[in-house]
Every structure is written in C-alpha cells, then in structure tokens.
Amino acid sequence: MGKHVLLIEDEPNIIEAIRFLLSRDGWQVDTHSDGTTALEKVMEKRPDIVILDVMLPGRSGFDILRDIRADADLAALPVLMLTAKGQVKDRELAERLGASRFMAKPFSNTEVLETVRALAGG
Amino acid sequence: MARAPLFLARQGYRRRRLADMARLMPVLGLALFLVPLLDANGGFGAGMLIYLFTVWFGLIAGTAVLARRLCVAAQQQDAETATTGAGAGNGAGADPEGRR
Amino acid sequence: MIAFNLLVAICLAYVVFLFGVAFLAERRAARGQGGWLRSSAVYTLSLSVYCTAWTFYGAVGYAARSGLEFVTIYLGPTLVLIGWWWTLRKLVRIGKTQRITSVADLISSRYGKSNTLGVIVTLIAVVGTTPYIALQLQSVTLSFAVFAPESATRWGAGDLNATALTVAAGLAVFTVLFGTRNLDANERHHGVVTAIAVEAVVKLVALMAVGVFVVWGLAGGVGAMLERIEASPLAGMPVVPGRWMGLTFLSAAAILTLPRMFQVLVVENEDERHLATAAWAFPAYLFLMSLFVVPIAVMGLSEMAPGSNPDLFVLSLPLAHGRDGLATLAFLGGFSSATSMVIVAAIALSTMVSNHIVMPLFLNWTRAGATMSGDVRTLVLRARRVSIGAVLFLGYLYYRLTGGSEALAAIGLISFAGVAQVLPALLGGILWRGATRTGAIAGLAAGFSVWAYTLFLPSVGEGAVMGARLLAEGPWGIGWLRPQALFGLEGLDPLVHAVVFSMAANVAAFVSVSLAGFPSPMERLQGAQFVNVFDHSTAGQGWSQGRAEAEDLLLMTQRILGPVEAQGLFQRAAAGQGKQGYLPDITPEFLQRLERQLAGSVGAATAHAMVGQIVGRSSVSVEDLMRVADETAQMMEYSSQLEAKSEELARTARQLREANEKLTGLSVQKDAFLSQISHELRTPMTSIRAFSEILMDGDRLDPAELGKYSRIIHEESLRLTRLLDDLLDLSVLENGQVTLHAQPVNLHDLLDRALAATGSPVGGGGLHLRRDPGAERVVLVTDGDRLSQVFINLIANAQKYCDAAVPELTIRVRAAHGAVAVDFIDNGSGIPAQSQAIIFEKFSRLSDPRSAGGAGLGLAICREIMVRLGGSISYLPGQGGAAFRVSLPLRRAEAA
C-alpha cells in the first residue's frame with residue numbers, strides 16, 4: 001500500500017502540524033479546506049487514508065463521510081475523523097456513519113501517527 | 001269540548017265582576033253614611049235613625065250575598081284547577097299561580 | 001235589689017265558667033277535635049272584642065250626651081268589613097303567609113324586618129292601649145258600685161281601687177293561663193278565642209235584653225218609642241260634620257290598627273273563608289249592638305234622676321224597675337265586654353313587647369343569640385307572662401292616676417287616634433311598594449308626636465303636663481303652636497283637630513321620606529311579598545286536604561329523589577302508619593323525615609321551602625328565599641372552586657409544559673453553546689499541543705521551522721486568551737453585572753482612539769479611511785471605553801473581512817431625530833442577505849478561511865454593549881459593502 005493521506009481540514013495551523021508530522025513519517029500529504037468540494041477531491045486524489053475534520057466550511061464532515069461510504073469505490077477507504085467538539089454523541093454518530101477511527105482535538109501527535117499507520121496497515 | 005273554554009271564561013268574568021262589586025260596597029256605604037250630614041244642623045229625627053239602620057242593614061245583606069257568591073265562585077275555580085292541575089304535579093312550587 | 005254578695009258569687013261563677021270553656025276548647029283543639037272551634041261563627045264573635053265596656057255602657061252615655069254621633073264608632077268598622085275585599089283579605093293573607101304575630105310584627109316585617117319599627121309600633125300600642133285598659137277596669141268597678149248603693153259609705157275610693165286591683169289580677173291570671181300556655185308558631189289561642197266568643201254572645205244578649213225591655217217593657221212598643229225619641233233632647237242634638245267624618249275614619253282605622261283587633265282579625269284567623277262570613281256577620285253584630293242604644297239613652301234621660309251617670313243607664317234602668325235578673329245579665333254583659341278586651345289586648349301587647357323589646361334586649365344582653373335555642377321557648381313564655389302582668393299593672397296604674405274623673409268615651413277616642421297613627425305605614429306597606437322603612441319611621445314619629453302634643457298631653461288633665469297657659473297661648477307665647485289650634489286653626493273640635501293634623505303630618509312625612517329614600521334589598525323583597533301577596537301565595541286553606549297533599553308531596557319527591565326511592569320512602573311511611581299504598585297521612589313526623597331526606601339532595605332551606613309550599617300553604621318567606629339563595633351560593637361557590645381548581649391545574653400544567661419547553665430549548669442552546677465553546681477552545685489547543693509536541697522532540701528541526709512553530713504556538717495562545725476574555729466579557733454583559741461609567745465624551749476622539757487601537761491610524765494602515773471630522777464633533781454622555789470597544793470591533797472586522805482590492809472604510813456620523821448614528825461602511829462584498837440575521841448571535845462566525853483568530857463573539861459583545869448603553873447596533877443592507885450602524889439616543893447626551 002502506498003502512503004498517501006488526504007487531510008480535509010480548515011484550520012491552517014492544524015493543517016501545518018499534521019502535514020509536518022506525516023511528511024516526516026514518509027507520507028504524501030494532500031490537503032483540502034472546503035467541505036463542499038471535499039468528496040470530489042477524495043475521488044480525484046484516491047488517497048489511502050482520509051483524515052476528515054467535522055467542522056468544515058460549506059459542508060459537515062459527517063455528510064462527507066456518509067457520501068464516501070455510499071460510494072462503492074470508496075466504501076472501504078479508511079477514514080480518521082477529527083473533531084474539536086469531542087462529545088459522546090459526535091463519536092457515536094461518526095461510528096454509525098462508518099468512520100474507521102475517531103479522535104478528539106487536541107490530539108497527541110504519536111497517537112495520530114500510530115492511528116494512521118494502523119489504518120494503512122489494516 | 002268547544003264550549004268548555006267559553007264556559008270557563010264566563011265563570012272567570014263573573015267572578016271578577018263579583019270582586020268589583022265587593023270593592024264597591026264600602027264606597028257605597030261611605031256615601032250612604034254621609035247622608036245624615038246633609039241635614040246636620042237641625043238635629044235628627046226618628047226618620048234619620050230609621051234611614052241609618054235601614055241602609056246599614058242593606059249593606060250587611062248585600063255583603064252577605066256577595067261574600068257567599070264569591071266563596072262559591074272561588075270554590076268552583078279551585079275545583080277546576082285541582083282537576084286540571086293535579087296531573088301536572090305542580091307540587092314542586094314551580095307554579096304557585098296554579099292555585100290562585 | 002240583688003244582694004251584693006250574690007252578685008259577686010254570680011260573677012265568680014261566670015268567671016269559673018269562662019275558665020272551663022277556655023280549658024275545654026284548649027283541650028279539644030289539642031286533640032285535633034272540635035271543628036266548631038274553627039268555625040266562622042267563632043271567628044266573627046271573637047271580633048266583638050271591638051265592643052268593649054266603653055261600647056257596652058259608654059255608647060248609651062255617648063248617645064245621651066251627643067246624640068246620633070255614637071253610631072260612627074260602629075259605622076267605621078262596618079265600612080272596613082264590607083270592604084273586606086280591599087284590605088282585610090290582603091292583611092289576612094299576608095298574616096298567614098308571613099306568619100305575622102302582631103301589628104308591630106307586620107310593620108317590622110314589611111319594612112325589612114326592622115326592629116326599630118317594631119319597637120316604635122309596640123310603644124305606640126302600649127301608650128294607646130293602657131288608657132283603654134284603665135277604662136275597662138274603671139267600668140267594671142263602677143258597675144260593681146252601682147249594685148251597692150245602700151252601702152255607699154262602705155264603697156269608698158278604697159273599695160273601688162281594691163275591686164280594680166282584684167279584677168286586674170284575675171284577668172292577668174286568666175290571660176297568663178290561656179294566653180301563654182304554649183308557644184304556638186301561629187300565635188293562635190283557641191281557649192281564649194272560644195271564651196271571648198262566649199262573652200260576645202253574653203254581651204249581645206244582655207244589651208238586646210235590656211233594649212227589648214226598654215222598648216217593649218217601658219216605652220210600650222216601637223211606635224211609642226219613636227215618638228219618645230222625637231220628643232227627647234237627643235233629637236235636637238246637631239250632627240257635627242267634622243266629628244262625624246273624623247270619628248268614622250278613626251273607628252275604621254282602629255279596626256285595622258288596634259292591637260287586639262289585629263290579633264283576632266289576622267293572627268287568630270284560621271281560614272280565609274271565615275273572613276267572607278265575618279264581612280257581613282260582624283257588621284250585623286255591630287248593628288244589633290247599636291240598635292237599642294238610642295232607645296235606652298232616651299228612656300234613661302227621661303226616667304232617671306237628672307245627674308245620674310248616663311254611662312250606667314244600661315244597669316241603672318233595669319235596677320230602677322226592679323229587674324234584678326236583667327240587671328245582673330247586663331252586668332255580666334258589661335263584665336264580659338271589659339274582660340274580653342283586656343285579655344286580648346294583654347295577649348297582643350305582651351306578644352309585641354316580648355318579641356320586639358324584651359327578646360332583642362335579652363339576646364343582645366346575653367350575646368347568646370340562637371345558640372341557646374333550647375332555653376328560648378321558656379324564656380319567651382316567661383317574657384310574655386311578665387309582659388302581661390306589666391301591661392295590666394300599667395292599666396291599673398293609669399286608672400289610679402286618672403281614675404273616675406273622665407267621661408269614658410273621651411279616653412277611648414284619644415286611644416283610637418293614637419293607635420291610628422300606625423295606619424299610613426300599614427296601608428302604605430301592603431298597597432304601595434315604594435313605601436320605605438325610613439318613611440314609615442318618619443311618618444310614625446311625626447304623627448305620634450303631633451297626636452301627643454295636640455291630644456294626648458292636653459287630655460291627661462289640665463295642668464298635669466301642659467299648663468292652662470300653654471294651651472291658651474301656645475309654647476313661649478307662639479300662638480300658632482297652640483296645641484289645640486295649630487296654625488291658628490280655631491273652632492275645630494280638639495279631637496278632629498288632632499286627627500287632621502296628626503294624620504296629615506304622618507302621611508306627609510311617610511310619603512315624602514319614602515319617595516326621597518332608597519329601600520334596602522330586604523325591604524324591596526318584603527315589599528314585593530306584601531304588596532303582591534296574591535301573586536305569590538295560595539288560598540289560605542285548601543279545599544282538598546290529605547290525599548292531594550300526600551300526592552303532591554310524592555310527585556315532588558319523585559322529581560328530586562327519583563321514583564323508586566321516593567315511592568319506597570312513602571310506602572314505608574304509609575306502612576308505618578298501618579296504611580296500604582303510597583300515600584301516608586301527613587303527620588309532622590313524616591314531614592320532618594321527608595324534609596331531612598330532601599335536604600340531602602337540595603339543601604335544608606330549599607327542602608323546607610318546597611315542603612312548606614305544598615303543606616304549609618304559606619308562600620316562601622324572604623328568609624326562606626335567602627336561605628335557599630345561601631345554599632345555592634354555597635353550591636355555586638363550591639363548583640366554581642372546583643372549576644377554579646381544575647383551571648389552575650390546567651394552567652399549572654401549561655406553565656410546566658412551557659417551562660419544560662423553555663428548559664429543553666435552553667438545554668439545546670446550552671449544548672450548542674458548550675459545543676461551540678469546546679470547538680473554539682480545542683481548535684487553538686490542538687495547534688498548541690501538536691506544535692509543542694513537535695518542538696519537544698524537535699532535534700530534527702531547522703531554525704526557520706523552530707521559529708515558525710513557536711510563533712504559531714504564541715499566536716494560538718493569544719487567540720485562546722482573547723477567546724476567554726471575550727467569553728468573560730460577554731458573560732458579564734449578559735448578566736447585567738457590568739458597571740458603566742458615563743461621562744461626556746467627544747465622538748471624534750473616541751473614533752481616533754479606536755483606530756489607533758486597531759493599528760489603523762488616520763490615513764495609515766492597510767485600510768483606507770474616509771471620515772468627516774466636522775460631523776464627528778458630537779459630545780455624548782456615555783461609557784467611552786465600552787463604546788470604543790464597539791468601534792474597535794467594527795474596525796477590526798472591516799480590516800479582517802473587507803475583500804476589496806483597495807479596502808476602504810467610511811465612517812459617517814449623523815445626528816438626527818434625537819439620536820446619533822455612526823455608520824461603518826466598507827467597500828468589500830458585504831455579508832450575504834441570508835446571514836445578516838445571525839451575525840449578532842454568538843459564534844456566528846461566517847465561514848471564511850481568513851477568519852482565523854476570531855471567535856465569533858465580537859458582534860454579540862457589541863450588541864450587548866449597545867443594549868447596556870441604551871442604543872443599538874444593526875446591519876445596514878445595500879450600502880455596497882459590509883455596513884454597520886451604531887445608534888445612541890442623543891437625548892442622553894443633551895441631558896448631561
């Protein structure tokens with residue numbers, strides 16, 4: 001499997017941090033900030049893993065996740081959900097919609113790395 | 001049955017006229033009792049005495065006849081209302097006029 | 001000459017006989033026997049208490065002195081009775097339906113149960129009756145004296161007084177025995193009435209016997225008698241029109257207002273039909289009583305020695321002709337006249353005194369009220385007995401004080417005139433609904449005062465109360481106030497004068513005060529009950545007794561209890577009486593039980609009124625109605641309480657629901673808010689944590705990266721701090737805990753300060769400013785720091801969000817309509833219409849990648865500040881870019 005990650009996130013500083021972390025670990029990191037066009041970006045880039053924020057401008061991360069799972073080609077794509085809200089119901093919703101993993105902000109760098117590696121390895 | 005109401009109405013009418021006469025009696029009596037005043041100054045004779053007692057007696061007799069007839073009329077009316085009103089059960093006091 | 005002792009013995013035997021009659025009648029009535037006791041004949045004869053000893057003896061004396069005038073005393077009652085359809089019928093009906101116990105009770109009831117009126121009428125009655133009782137005592141003693149001429153030395157004043165005292169005491173005993181045996185609710189006294197009927201027969205027979213003796217025995221037939229009358233001095237006596245009319249009026253009034261007449265006419269009446277008989281039979285009685293008056297007077301005057309008392313011709317004529325038996329009969333007639341009057345008067349007065357004076361005083365004194373109902377019966381009886389004793393003692397006292405000097409008739413007429421003062425209030429009360437309590441009091445007071453002043457006091461005896469000078473010249477020499485010539489009206493007979501003036505004053509006061517006043521609700525109700533008594537009540541005694549009543553009761557009970565239960569109740573009652581079927585005898589026990597049963601369904605007062613309507617033949621009294629109304633009101637109150645309670649429950653439920661919705665809403669809001677806060681806090685925290693972890697194991701970082709990441713951590717920390725500051729600020733503002741320091745500030749300076757704080761001094765920075773310093777010179781009284789906070793926020797927003805190539809901010813100040821408006825307009829793309837409504841909400845940061853660092857609380861804070869400052873902030877659409885208007889009322893500025 002390749003090491004291609006698509007990060008869909010709107011906070012510039014968080015993008016910067018994750019890009020730095022994963023790049024250092026040998027991943028190819030693409031980023032995207034707009035919720036409305038996120039799905040097209042996923043189809044276009046065909047990443048191995050998608051890291052998806054919930055609060056996105058234009059479209060909610062949950063909606064994007066639902067679309068990903070609804071698409072036959074993308075149904076098996078590992079998706080790591082990130083959220084700053086961190087409430088139980090958000091986690092439940094994410095699991096129900098088929099998120100591979102769910103992490104609340106602020107996260108630990110090592111945890112993100114391990115999770116991404118695990119998702120890629122699995 | 002068509003004649004019955006007419007009969008009743010006539011009874012009621014007669015009764016009311018009897019009551020009128022009863023009301024008139026004291027007025028008539030007062031008028032007759034004031035007659036002695038017309039001839040006051042000359043004192044009174046036996047004639048005046050006889051007049052007074054005759055008038056008096058007449059009034060008594062007239063009242064007696066009227067009272068008797070009023071009682072009979074009332075009795076009849078009472079009997080009528082008793083027969084017509086008994087079935088209606090006016091006992092609850094809703095219709096006290098019924099017996100008047 | 002009959003032996004005096006024999007006369008006394010006969011008299012005693014007669015008294016014993018009367019006791020026996022009364023006792024038997026009482027016993028038969030108690031057993032429910034003796035229909036004849038309730039006959040119209042007994043009723044008619046009992047009315048003869050009108051004919052007192054004054055009539056029996058005095059009429060002859062009157063005729064001997066004044067000629068034909070005596071007859072007016074009989075003509076008045078005759079007119080009233082033959083006019084029974086007008087007033088007596090109504091009085092009797094009212095008396096029955098309202099359970100009237102005396103004339104005072106009638107007046108008091110009619111005018112709203114006013115005890116004041118009851119007391120006044122009672123006092124008038126006592127004052128008016130006492131002389132009359134004295135008169136009876138005097139006539140009895142005088143008639144005794146007639147039989148003891150040969151022992152005149154022994155019969156001095158002392159003997160007369162002793163006789164009077166004995167008679168008074170004997171009458172008191174009789175009256176107490178038969179007048180207060182029990183407390184009949186209807187105040188009927190069968191024993192007394194029967195004894196009086198017997199006495200009525202005795203006096204009629206006695207007078208007729210004397211008359212027959214005089215006409216046929218002495219004069220020699222009717223023709224001869226008439227000749228003697230023509231020749232007698234009587235024939236020459238003129239009829240005085242004033243007195244003729246005045247006396248007819250007085251005697252007519254007396255039959256309605258005299259307490260004893262009211263007692264026998266109204267209170268003792270058993271059956272309205274008896275009145276129809278009495279209407280002609282009583283005038284016939286009077287006719288017979290007066291038939292021989294003139295002959296006896298004429299014969300007495302011609303036969304008896306000059307100077308002999310004409311009042312005693314009835315006795316002395318037979319005696320002079322040696323007719324001892326006839327004389328004894330005449331004596332018994334006179335005795336009967338006196339005693340019957342005294343007995344009935346004493347009963348009537350004692351009822352009034354005990355009901356209207358003693359009992360109210362006693363109840364008021366003990367403050368026990370109705371709680372001691374058990375003792376009240378004996379108390380009332382005792383009060384009656386004491387009152388009877390007191391009334392008779394008063395009569396005796398009056399006799400002793402004035403004894404023997406006056407002509408009998410004079411006292412009788414004065415009495416009549418006094419009691420006649422009740423007439424306007426009485427007739428007005430039953431004929432005129434507009435009559436009021438105050439009117440009645442005024443009329444009674446006026447009439448009674450004038451009567452006392454013009455007639456009663458002058459009569460007590462010259463010099464006793466009024467001096468001769470006062471009579472002749474008036475009080476303080478005021479001529480027109482002379483008691484017997486008011487307003488200078490001289491030449492009138494004193495009696496007529498007094499009657500005219502007292503009645504005029506009475507009627508005038510009664511009518512005018514009634515017209516001017518306003519009756520209480522109780523008076524109006526009672527007035528309607530009295531005046532329209534025939535509309536509300538049924539005929540006195542039904543024609544159909546027994547079964548019809550039981551059937552009516554059953555019908556009514558079925559309506560209330562339902563057929564099964566009602567029929568069961570009646571059947572059980574009938575079975576208990578040993579009868580078949582559903583119609584028991586209407587016994588008091590049965591009625592009580594029925595009332596109790598009904599009371600369970602409709603309330604006690606209603607049940608009583610309904611049963612009373614059927615059985616009692618009495619209309620529902622106002623008190624009954626009030627009790628019914630009370631019950632209804634209680635039920636209505638109860639149900640309205642229930643209604644109120646269920647309404648309250650519904651209201652509470654609604655409030656709870658609303659509160660719940662609110663709480664749910666709040667909870668949703670709070671969740672959303674917390675979620676937002678969480679997001680806004682976690683986002684910078686994420687960057688800080690991520691980069692600080694990178695820095696911690698940052699051995700492979702180049703210095704450029706190191707600096708960059710440190711800066712990010714610093715920026716995000718500042719962002720967090722700002723966010724926390726904003727949150728605290730907003731919380732303080734929203735809770736109203738903020739303290740404003742209002743002081744005069746110059747708007748221009750304030751804007752300068754704000755621009756400096758945002759790093760955009762005039763003409764500098766990335767933002768091109770357009771201002772009008774002239775318009776900005778406005779002095780406001782407000783919290784300058786807070787206002788500049790708003791300005792800073794708006795300018796910073798323009799700096800952040802204006803997306804024009806050459807960003808421009810126009811600040812426009814305009815004072816108009818009592819307010820100053822500061823507009824901040826940039827030349828960017830503005831805020832989309834759909835977002836304009838929410839920009840002032842918390843965390844409403846619009847999605848904009850360049851908005852990093854803003855927490856979305858700025859405009860919310862601005863809005864809170866403006867509300868606290870008494871102004872407002874709003875978005876101005878259609879200005880070509882984002883445009884905000886800050887308004888403050890200028891009034892506040894000017895006021896400073």
# chains A, B, ... in the order shown; residues from 1 in each chain; ligands from 1

$ interface_residues --of "chain C" --to "chain A" --cutoff "9 Å" --atoms "only C-alpha atoms" --output "ChimeraX atom specification"
/C:674-691,693-694,709,712,716,846-849,852

$ residues_around --residues "region 230-235 of chain C" --least-positions-apart "5" --cutoff "8 Å" --atoms "only C-alpha atoms" --output "list in words"
Gly43, Phe44, Gly45 and Ala46 of chain B; Ala63, Ala64, Arg65, Ser66, Gly67, Leu68, Val298 and Ser302 of chain C

$ write_last_selection --atoms "N, CA and C atoms" --output "short mmCIF file (atom, residue, chain, number, x, y, z; two decimals), in the first residue's frame"
data_model
loop_
_atom_site.label_atom_id
_atom_site.label_comp_id
_atom_site.auth_asym_id
_atom_site.auth_seq_id
_atom_site.Cartn_x
_atom_site.Cartn_y
_atom_site.Cartn_z
N GLY B 43 -130.46 68.70 63.99
CA GLY B 43 -130.56 67.51 64.81
C GLY B 43 -131.09 66.36 63.98
N PHE B 44 -131.52 65.32 64.61
CA PHE B 44 -132.01 64.20 63.84
C PHE B 44 -133.35 63.74 64.41
N GLY B 45 -134.14 63.24 63.53
CA GLY B 45 -135.41 62.71 63.98
C GLY B 45 -135.39 61.21 63.92
N ALA B 46 -136.51 60.62 64.26
CA ALA B 46 -136.63 59.17 64.20
C ALA B 46 -136.43 58.70 62.77
N ALA C 63 -124.57 58.58 73.46
CA ALA C 63 -125.79 59.00 72.78
C ALA C 63 -126.54 60.02 73.63
N ALA C 64 -126.56 59.80 74.95
CA ALA C 64 -127.26 60.72 75.81
C ALA C 64 -126.62 62.09 75.79
N ARG C 65 -125.30 62.13 75.56
CA ARG C 65 -124.61 63.43 75.57
C ARG C 65 -124.58 64.07 74.19
N SER C 66 -124.33 63.24 73.14
CA SER C 66 -124.05 63.83 71.82
C SER C 66 -125.00 63.35 70.73
N GLY C 67 -126.02 62.62 71.08
CA GLY C 67 -126.98 62.24 70.06
C GLY C 67 -126.49 61.10 69.17
N LEU C 68 -126.74 61.28 67.89
CA LEU C 68 -126.54 60.20 66.94
C LEU C 68 -125.06 59.87 66.70
N VAL C 298 -132.58 57.44 75.48
CA VAL C 298 -133.77 58.30 75.58
C VAL C 298 -134.55 57.99 76.85
N SER C 302 -135.10 60.28 80.27
CA SER C 302 -136.43 60.72 80.69
C SER C 302 -136.82 60.11 82.03
#

$ closest_residue --among "B:Met48, B:Val72, B:Ala67, B:Leu28" --to "chain C" --atoms "only C-alpha atoms"
B:Ala67

$ residues_around --residues "Ile64 (chain A)" --least-positions-apart "2" --cutoff "12 Å" --atoms "only C-alpha atoms" --output "PyMOL selection string"
chain A and resi 8+34-43+50-62+66-71+74+79+81+94+97-99

$ atom_distance --atom1 "CA of Ala704 (chain C)" --atom2 "CA of Thr758 (chain C)"
28.8 Å

$ select_by_dssp --residues "region 1-51 of chain A" --states "alpha helix (DSSP H)" --output "list in words"
Pro12, Asn13, Ile14, Ile15, Glu16, Ala17, Ile18, Arg19, Phe20, Leu21, Leu22, Ser23, Arg24, Ala38, Leu39, Glu40, Lys41, Val42, Met43, Glu44 and Lys45 of chain A
